[in-house]
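Colleague: Structure file work.cif (mmCIF, C-alpha atoms) is given on the next line.
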```cif
data_upload
loop_
_atom_site.group_PDB
_atom_site.id
_atom_site.type_symbol
_atom_site.label_atom_id
_atom_site.label_comp_id
_atom_site.auth_asym_id
_atom_site.auth_seq_id
_atom_site.Cartn_x
_atom_site.Cartn_y
_atom_site.Cartn_z
ATOM 1 C CA MET A 29 133.145 60.186 57.329
ATOM 2 C CA LEU A 30 133.391 60.626 53.585
ATOM 3 C CA VAL A 31 136.098 58.724 51.712
ATOM 4 C CA VAL A 32 136.745 59.952 48.169
ATOM 5 C CA SER A 33 138.852 57.493 46.191
ATOM 6 C CA SER A 34 138.877 55.839 42.789
ATOM 7 C CA SER A 35 140.693 52.828 44.285
ATOM 8 C CA GLU A 36 138.433 50.057 45.559
ATOM 9 C CA LYS A 37 141.437 48.518 47.364
ATOM 10 C CA PHE A 38 142.068 51.806 49.226
ATOM 11 C CA ASN A 39 138.377 52.042 50.174
ATOM 12 C CA THR A 40 138.320 48.493 51.533
ATOM 13 C CA GLU A 41 141.553 48.909 53.511
ATOM 14 C CA THR A 42 140.498 52.298 54.887
ATOM 15 C CA ALA A 43 137.075 50.978 55.917
ATOM 16 C CA SER A 44 138.779 48.198 57.901
ATOM 17 C CA MET A 45 140.786 50.806 59.883
ATOM 18 C CA LEU A 46 137.872 53.024 60.861
ATOM 19 C CA PRO A 47 136.566 52.503 64.397
ATOM 20 C CA GLU A 48 132.796 52.333 63.999
ATOM 21 C CA ALA A 49 132.183 54.278 67.211
ATOM 22 C CA VAL A 50 133.926 57.351 65.765
ATOM 23 C CA PHE A 51 133.539 57.117 61.983
ATOM 24 C CA ASN A 52 129.955 56.020 61.533
ATOM 25 C CA PRO A 53 128.327 56.200 59.029
ATOM 26 C CA VAL A 54 130.989 56.043 56.311
ATOM 27 C CA SER A 55 130.130 57.170 52.782
ATOM 28 C CA PHE A 56 132.280 56.438 49.749
ATOM 29 C CA ALA A 57 132.584 58.375 46.500
ATOM 30 C CA ASN A 58 134.717 57.163 43.598
ATOM 31 C CA ASN A 59 135.035 60.576 41.874
ATOM 32 C CA LEU A 60 134.749 64.304 42.573
ATOM 33 C CA SER A 61 131.279 64.655 41.054
ATOM 34 C CA SER A 62 129.868 61.993 43.371
ATOM 35 C CA ALA A 63 131.739 63.460 46.328
ATOM 36 C CA LYS A 64 130.278 66.918 45.700
ATOM 37 C CA ARG A 65 126.741 65.503 45.415
ATOM 38 C CA ILE A 66 127.110 63.471 48.612
ATOM 39 C CA ARG A 67 128.636 66.401 50.496
ATOM 40 C CA ALA A 68 125.800 68.704 49.385
ATOM 41 C CA GLN A 69 123.321 66.335 51.050
ATOM 42 C CA ARG A 70 124.894 66.304 54.518
ATOM 43 C CA HIS A 71 127.710 67.514 56.765
ATOM 44 C CA PHE A 72 130.755 65.309 57.317
ATOM 45 C CA ASP A 73 133.038 65.589 60.347
ATOM 46 C CA PHE A 74 135.857 63.776 58.526
ATOM 47 C CA ILE A 75 136.788 63.627 54.835
ATOM 48 C CA ILE A 76 139.629 61.679 53.199
ATOM 49 C CA VAL A 77 140.564 62.432 49.592
ATOM 50 C CA ASN A 78 142.814 59.882 47.878
ATOM 51 C CA SER A 79 144.269 61.815 44.924
ATOM 52 C CA PRO A 80 144.214 61.651 41.966
ATOM 53 C CA LEU A 81 140.602 60.843 41.112
ATOM 54 C CA SER A 82 139.112 59.849 37.767
ATOM 55 C CA ASP A 83 137.675 63.345 37.139
ATOM 56 C CA GLY A 84 140.316 65.578 38.735
ATOM 57 C CA PHE A 85 143.124 65.718 41.228
ATOM 58 C CA GLY A 86 140.970 66.653 44.224
ATOM 59 C CA THR A 87 143.010 69.370 45.938
ATOM 60 C CA GLU A 88 140.452 72.142 45.317
ATOM 61 C CA PHE A 89 137.674 69.901 46.627
ATOM 62 C CA ALA A 90 139.762 69.015 49.694
ATOM 63 C CA LEU A 91 140.567 72.686 50.357
ATOM 64 C CA ASP A 92 136.898 73.610 49.980
ATOM 65 C CA CYS A 93 135.943 70.881 52.454
ATOM 66 C CA ALA A 94 138.620 72.064 54.902
ATOM 67 C CA GLU A 95 137.009 75.520 54.919
ATOM 68 C CA ALA A 96 133.749 74.023 56.191
ATOM 69 C CA LYS A 97 132.965 74.553 59.823
ATOM 70 C CA ASN A 98 134.068 71.709 62.062
ATOM 71 C CA THR A 99 135.301 69.379 59.281
ATOM 72 C CA VAL A 100 138.716 67.691 59.392
ATOM 73 C CA VAL A 101 140.131 66.786 55.985
ATOM 74 C CA MET A 102 143.064 64.640 54.893
ATOM 75 C CA GLN A 103 144.407 64.340 51.354
ATOM 76 C CA LEU A 104 146.724 61.550 50.226
ATOM 77 C CA VAL A 105 149.032 62.372 47.309
ATOM 78 C CA LYS A 106 151.901 60.673 45.507
ATOM 79 C CA ASN A 107 155.182 61.041 47.374
ATOM 80 C CA GLU A 108 156.799 63.110 44.606
ATOM 81 C CA LEU A 109 153.973 65.710 44.851
ATOM 82 C CA TYR A 110 153.836 65.783 48.649
ATOM 83 C CA ASP A 111 156.037 68.866 49.302
ATOM 84 C CA GLU A 112 154.223 71.023 46.746
ATOM 85 C CA ILE A 113 150.698 69.996 47.778
ATOM 86 C CA ASN A 114 151.434 70.066 51.511
ATOM 87 C CA GLY A 115 152.707 73.653 51.183
ATOM 88 C CA LYS A 116 149.314 74.719 49.807
ATOM 89 C CA ASN A 117 147.226 72.535 52.093
ATOM 90 C CA SER A 118 148.837 73.134 55.470
ATOM 91 C CA VAL A 119 147.905 76.846 55.590
ATOM 92 C CA SER A 120 144.248 75.826 55.273
ATOM 93 C CA GLY A 121 144.412 73.248 58.058
ATOM 94 C CA LEU A 122 144.236 70.375 55.586
ATOM 95 C CA PHE A 123 146.308 67.312 56.466
ATOM 96 C CA THR A 124 148.400 65.934 53.607
ATOM 97 C CA LEU A 125 150.044 62.507 53.590
ATOM 98 C CA PRO A 126 152.397 60.992 51.005
ATOM 99 C CA LYS A 127 151.573 57.696 49.298
ATOM 100 C CA PRO A 128 152.261 54.889 49.555
ATOM 101 C CA ILE A 129 151.290 54.866 53.216
ATOM 102 C CA SER A 130 151.629 52.058 55.737
ATOM 103 C CA ARG A 131 148.646 50.793 57.679
ATOM 104 C CA GLN A 132 150.149 52.093 60.946
ATOM 105 C CA SER A 133 150.778 55.556 59.484
ATOM 106 C CA MET A 134 147.175 55.670 58.269
ATOM 107 C CA ILE A 135 145.901 54.672 61.709
ATOM 108 C CA ASN A 136 148.081 57.381 63.268
ATOM 109 C CA ALA A 137 146.701 59.930 60.803
ATOM 110 C CA LEU A 138 143.131 58.902 61.624
ATOM 111 C CA ASN A 139 143.903 59.379 65.319
ATOM 112 C CA TRP A 140 145.288 62.865 64.562
ATOM 113 C CA MET A 141 142.042 63.647 62.756
ATOM 114 C CA ILE A 142 140.022 62.548 65.799
ATOM 115 C CA THR A 143 142.203 64.654 68.120
ATOM 116 C CA THR A 144 141.942 67.673 65.831
ATOM 117 C CA LYS A 145 138.150 67.326 65.621
ATOM 118 C CA ALA A 146 137.876 67.260 69.412
ATOM 119 C CA LYS A 147 140.041 70.363 69.747
ATOM 120 C CA VAL A 148 138.150 72.260 67.033
ATOM 121 C CA SER A 149 134.845 71.352 68.694
ATOM 122 C CA ARG A 150 136.051 72.681 72.053
ATOM 123 C CA LEU A 151 137.261 75.926 70.460
ATOM 124 C CA GLU A 152 133.992 76.416 68.594
ATOM 125 C CA SER A 153 132.056 75.812 71.788
ATOM 126 C CA LYS A 154 134.139 78.484 73.548
ATOM 127 C CA ALA A 155 133.590 80.873 70.642
ATOM 128 C CA VAL A 156 129.815 80.376 70.877
ATOM 129 C CA SER A 157 129.988 80.980 74.621
ATOM 130 C CA ILE A 158 131.929 84.216 74.104
ATOM 131 C CA GLU A 159 129.481 85.340 71.407
ATOM 132 C CA ASP A 160 126.572 84.682 73.780
ATOM 133 C CA LYS A 161 128.291 86.677 76.524
ATOM 134 C CA MET A 162 128.951 89.576 74.148
ATOM 135 C CA GLN A 163 125.309 89.542 73.017
ATOM 136 C CA GLU A 164 124.193 89.661 76.662
ATOM 137 C CA ILE A 165 126.500 92.621 77.338
ATOM 138 C CA ARG A 166 125.082 94.449 74.300
ATOM 139 C CA LEU A 167 121.507 93.829 75.483
ATOM 140 C CA VAL A 168 122.277 94.970 79.026
ATOM 141 C CA ASN A 169 123.969 98.120 77.704
ATOM 142 C CA LYS A 170 121.002 98.872 75.444
ATOM 143 C CA ALA A 171 118.617 98.407 78.379
ATOM 144 C CA LYS A 172 120.799 100.673 80.551
ATOM 145 C CA TRP A 173 120.756 103.410 77.917
ATOM 146 C CA LEU A 174 116.985 103.129 77.635
ATOM 147 C CA LEU A 175 116.689 103.532 81.427
ATOM 148 C CA ILE A 176 119.087 106.491 81.330
ATOM 149 C CA ASP A 177 117.146 108.098 78.485
ATOM 150 C CA LYS A 178 113.535 107.291 79.445
ATOM 151 C CA GLU A 179 113.782 107.253 83.248
ATOM 152 C CA LYS A 180 116.541 109.893 83.555
ATOM 153 C CA MET A 181 118.473 107.423 85.696
ATOM 154 C CA PRO A 182 122.233 107.745 86.275
ATOM 155 C CA GLU A 183 124.256 104.940 84.616
ATOM 156 C CA PRO A 184 125.329 103.265 87.894
ATOM 157 C CA ASP A 185 121.701 103.182 89.064
ATOM 158 C CA ALA A 186 120.496 101.724 85.765
ATOM 159 C CA HIS A 187 123.175 99.040 85.975
ATOM 160 C CA ARG A 188 122.342 98.295 89.612
ATOM 161 C CA LEU A 189 118.603 98.060 88.786
ATOM 162 C CA ILE A 190 119.227 95.418 86.103
ATOM 163 C CA GLU A 191 121.610 93.448 88.357
ATOM 164 C CA LYS A 192 119.254 93.587 91.372
ATOM 165 C CA GLU A 193 116.173 92.662 89.335
ATOM 166 C CA ALA A 194 117.993 89.660 87.858
ATOM 167 C CA MET A 195 119.181 88.516 91.305
ATOM 168 C CA ASP A 196 115.812 89.049 92.996
ATOM 169 C CA ARG A 197 113.953 87.091 90.334
ATOM 170 C CA CYS A 198 116.700 84.468 89.812
ATOM 171 C CA VAL A 199 116.807 85.134 86.073
ATOM 172 C CA PRO A 200 119.699 86.042 83.788
ATOM 173 C CA ARG A 201 120.510 89.706 83.241
ATOM 174 C CA ARG A 202 119.656 89.079 79.600
ATOM 175 C CA THR A 203 116.025 88.377 80.514
ATOM 176 C CA VAL A 204 115.697 91.601 82.497
ATOM 177 C CA ALA A 205 117.410 93.564 79.722
ATOM 178 C CA GLU A 206 115.097 92.098 77.077
ATOM 179 C CA GLU A 207 112.043 93.047 79.170
ATOM 180 C CA ILE A 208 113.295 96.620 79.544
ATOM 181 C CA ILE A 209 114.012 96.868 75.815
ATOM 182 C CA LYS A 210 110.550 95.517 75.010
ATOM 183 C CA LYS A 211 108.938 97.973 77.434
ATOM 184 C CA TYR A 212 110.550 101.050 75.871
ATOM 185 C CA SER A 213 110.658 99.982 72.224
#
```
Translate this structure into structure tokens?
Modeller:
Amino acid sequence: MLVVSSSEKFNTETASMLPEAVFNPVSFANNLSSAKRIRAQRHFDFIIVNSPLSDGFGTEFALDCAEAKNTVVMQLVKNELYDEINGKNSVSGLFTLPKPISRQSMINALNWMITTKAKVSRLESKAVSIEDKMQEIRLVNKAKWLLIDKEKMPEPDAHRLIEKEAMDRCVPRRTVAEEIIKKYS
């Protein structure tokens, strides 16, 4: 967790609301320059930006952070700016909350961040799984075409050979395909 805020009071109150099991370690930055340096050193799952900051408002930084893979970001803005800022932020998946904010509302927002992080993680895991499956299909197809070309095998026979070899040896089709590709390349 990275908390970016010029207000020491906000930092202290926020720190007291963060369950250590979820938001550990917590880093604090009191301006955008510090926040950018800290963020360049490591990945953060959660980022809170309490705008405005001493060296800028913070919306561009928050939007940039929200674009990062698997990072959930929340920006707090003055109530009179909420509608305008939220309109920009919501399309990027950036949570925006109006200030002042009650302790309970902040706790609710932190829980939404945790829920969102869990959902994003599950979706990314599924995406990786689908990418792996697609890569395996590409390798198997390449191996089939090599068998068709080099061994003059019909496509169904080439497919069957890869499937049977994988089953007989108790290895993934990917392994058999990679061996065939290596053999003919």
Colleague: Which region 99-188 of chain A residues have any atom within 12 Å of an atom of region 61-72 of chain A, and for each, what is the nearest pair of atoms with distance in Å to one decimal, counting all atoms listed in the file, rows sorted by chain and number, as a tab-separated table?
Modeller:
```
residue	atom	partner	partner_atom	distance
A:Thr99	CA	A:Phe72	CA	6.4
A:Val100	CA	A:Phe72	CA	8.6
A:Val101	CA	A:Phe72	CA	9.6
A:Lys145	CA	A:Phe72	CA	11.3
```
Colleague: What is the distance, in Å and to one decimal place, between CA of Lys127 (chain A) and CA of Ser33 (chain A)?
Modeller: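 Atom-to-atom, CA of Lys127 (chain A) and CA of Ser33 (chain A) are spaced 13.1 Å apart.
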Colleague: Taking the file as shown, find all residues satisfying the PyMOL selection byres ((chain A and resi 98) around 10) and write them as a count of residues only.
Modeller: 20
Colleague: List the neighbours of region 35-38 of chain A out to 10 Å using all atoms listed in the file; skip same-chain residues closer than 3 positions along the sequence, and give me the result as a list in words.
Modeller: Val31, Val32, Glu41, Thr42, Ala43, Ser44, Phe56, Asn58, Asn59, Asn78, Ser79, Pro80, Leu81 and Ser82 of chain A
Colleague: With all atoms listed in the file as the basis for distance, which of A:Val168, A:Leu60, A:Ile176, A:Met29 is at the shortest distance from Met102 (chain A)?
Modeller: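 That would be A:Met29, the residue with the smallest distance to Met102 (chain A).
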Colleague: Can you turn the PyMOL selection byres ((chain A and resi 109) around 12) into a concrete residue list for this file, as number ranges by chain?
Modeller: A: 79-80, 85, 87, 103-108, 110-116, 124-128
Colleague: Measuring between only C-alpha atoms, which one of A:Gln132, A:Asn39, A:Ser153, A:Ser34 shows the shortest distance to Gly84 (chain A)?
Modeller: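 Between A:Gln132, A:Asn39, A:Ser153, A:Ser34, the residue approaching Gly84 (chain A) most closely is A:Ser34.
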Colleague: What gap, in Å, lies between CA of Ser118 (chain A) and CA of Glu159 (chain A)?
Modeller: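 One can read the CA of Ser118 (chain A) to CA of Glu159 (chain A) distance as 27.9 Å.
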Colleague: Enclose all atoms of region 123-131 of chain A listed in the file in an axis-aligned box, grow every side by 8 Å, and hand back centre and edge lengths in Å to one decimal, as lines of an AutoDock Vina configuration file.
Modeller:
```
center_x = 149.4
center_y = 59.1
center_z = 53.5
size_x = 22.1
size_y = 32.5
size_z = 24.4
```
Colleague: Can you work out which one of A:Leu138, A:Ile165, A:Val77, A:Val119 has the shortest atom-to-atom distance to Arg202 (chain A), counting only C-alpha atoms?
Modeller: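 Closest residue, counting only C-alpha atoms: A:Ile165.
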Colleague: Which residue out of A:Ile142, A:Ala205, A:Glu179, A:Ile135 has the minimum interatomic distance to Phe51 (chain A) when only C-alpha atoms are used?
Modeller: A:Ile142
Colleague: Suppose a student applies the PyMOL selection byres ((chain A and resi 212) around 9) to this structure; what residues should they get, written as an NGL selection string?
Modeller: :A and (171 or 174-175 or 178 or 207-211 or 213)
Colleague: List the neighbours of Asn52 (chain A) out to 10 Å using all atoms listed in the file; skip same-chain residues closer than 4 positions along the sequence, and give me the result as a list in words.
Modeller: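 Result of the neighbour search: Met29, Leu30, Leu46, Pro47 and Glu48 of chain A.
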Colleague: Please indicate the distance in Å from CA of Met162 (chain A) to CA of Lys180 (chain A), rounded to one decimal place.
Modeller: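 Value for the CA of Met162 (chain A)-CA of Lys180 (chain A) distance: 25.6 Å.
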Colleague: Give me the residues near Trp173 (chain A) as a count of residues only, where near means some atom within 8 Å (using all atoms listed in the file) and where sequence neighbours in that chain fewer than 4 positions away do not count.
Modeller: 3
Colleague: For region 47-66 of chain A, which lacks atoms in the input, supply N, CA, C and O atoms and format the output as an mmCIF file, keeping the file's coordinate frame.
Modeller:
```
data_model
loop_
_atom_site.group_PDB
_atom_site.id
_atom_site.type_symbol
_atom_site.label_atom_id
_atom_site.label_comp_id
_atom_site.auth_asym_id
_atom_site.auth_seq_id
_atom_site.Cartn_x
_atom_site.Cartn_y
_atom_site.Cartn_z
ATOM 1 N N PRO A 47 137.367 52.947 63.257
ATOM 2 C CA PRO A 47 136.566 52.503 64.397
ATOM 3 C C PRO A 47 135.118 52.968 64.214
ATOM 4 O O PRO A 47 134.867 54.152 63.994
ATOM 5 N N GLU A 48 134.200 52.031 64.262
ATOM 6 C CA GLU A 48 132.796 52.333 63.999
ATOM 7 C C GLU A 48 132.231 53.361 64.978
ATOM 8 O O GLU A 48 131.390 54.188 64.610
ATOM 9 N N ALA A 49 132.703 53.350 66.204
ATOM 10 C CA ALA A 49 132.183 54.278 67.211
ATOM 11 C C ALA A 49 132.473 55.729 66.854
ATOM 12 O O ALA A 49 131.740 56.632 67.250
ATOM 13 N N VAL A 50 133.531 55.978 66.107
ATOM 14 C CA VAL A 50 133.926 57.351 65.765
ATOM 15 C C VAL A 50 133.508 57.717 64.345
ATOM 16 O O VAL A 50 132.998 58.803 64.106
ATOM 17 N N PHE A 51 133.735 56.823 63.404
ATOM 18 C CA PHE A 51 133.539 57.117 61.983
ATOM 19 C C PHE A 51 132.298 56.413 61.434
ATOM 20 O O PHE A 51 132.381 55.630 60.497
ATOM 21 N N ASN A 52 131.161 56.683 61.997
ATOM 22 C CA ASN A 52 129.955 56.020 61.533
ATOM 23 C C ASN A 52 128.867 57.058 61.302
ATOM 24 O O ASN A 52 128.661 57.897 62.168
ATOM 25 N N PRO A 53 128.188 57.062 60.195
ATOM 26 C CA PRO A 53 128.327 56.200 59.029
ATOM 27 C C PRO A 53 129.480 56.650 58.141
ATOM 28 O O PRO A 53 129.930 57.782 58.222
ATOM 29 N N VAL A 54 129.923 55.741 57.270
ATOM 30 C CA VAL A 54 130.989 56.043 56.311
ATOM 31 C C VAL A 54 130.369 56.017 54.916
ATOM 32 O O VAL A 54 129.702 55.057 54.549
ATOM 33 N N SER A 55 130.594 57.097 54.171
ATOM 34 C CA SER A 55 130.130 57.170 52.782
ATOM 35 C C SER A 55 131.353 57.129 51.875
ATOM 36 O O SER A 55 132.409 57.647 52.235
ATOM 37 N N PHE A 56 131.190 56.536 50.712
ATOM 38 C CA PHE A 56 132.280 56.438 49.749
ATOM 39 C C PHE A 56 131.857 57.089 48.437
ATOM 40 O O PHE A 56 130.699 56.962 48.024
ATOM 41 N N ALA A 57 132.802 57.796 47.826
ATOM 42 C CA ALA A 57 132.584 58.375 46.500
ATOM 43 C C ALA A 57 133.803 58.013 45.658
ATOM 44 O O ALA A 57 134.928 58.119 46.132
ATOM 45 N N ASN A 58 133.579 57.582 44.418
ATOM 46 C CA ASN A 58 134.717 57.163 43.598
ATOM 47 C C ASN A 58 135.194 58.248 42.638
ATOM 48 O O ASN A 58 136.114 58.030 41.865
ATOM 49 N N ASN A 59 134.566 59.446 42.687
ATOM 50 C CA ASN A 59 135.035 60.576 41.874
ATOM 51 C C ASN A 59 134.573 61.882 42.519
ATOM 52 O O ASN A 59 133.777 61.872 43.460
ATOM 53 N N LEU A 60 135.074 63.002 41.999
ATOM 54 C CA LEU A 60 134.749 64.304 42.573
ATOM 55 C C LEU A 60 133.282 64.661 42.417
ATOM 56 O O LEU A 60 132.679 65.226 43.335
ATOM 57 N N SER A 61 132.690 64.331 41.278
ATOM 58 C CA SER A 61 131.279 64.655 41.054
ATOM 59 C C SER A 61 130.399 63.990 42.109
ATOM 60 O O SER A 61 129.523 64.634 42.695
ATOM 61 N N SER A 62 130.638 62.710 42.345
ATOM 62 C CA SER A 62 129.868 61.993 43.371
ATOM 63 C C SER A 62 130.117 62.581 44.750
ATOM 64 O O SER A 62 129.190 62.750 45.541
ATOM 65 N N ALA A 63 131.383 62.899 45.025
ATOM 66 C CA ALA A 63 131.739 63.460 46.328
ATOM 67 C C ALA A 63 131.018 64.783 46.571
ATOM 68 O O ALA A 63 130.503 65.035 47.668
ATOM 69 N N LYS A 64 130.965 65.620 45.567
ATOM 70 C CA LYS A 64 130.278 66.918 45.700
ATOM 71 C C LYS A 64 128.787 66.722 45.934
ATOM 72 O O LYS A 64 128.188 67.420 46.760
ATOM 73 N N ARG A 65 128.173 65.782 45.224
ATOM 74 C CA ARG A 65 126.741 65.503 45.415
ATOM 75 C C ARG A 65 126.478 64.995 46.828
ATOM 76 O O ARG A 65 125.563 65.459 47.508
ATOM 77 N N ILE A 66 127.294 64.046 47.277
ATOM 78 C CA ILE A 66 127.110 63.471 48.612
ATOM 79 C C ILE A 66 127.303 64.540 49.680
ATOM 80 O O ILE A 66 126.525 64.652 50.624
#
```
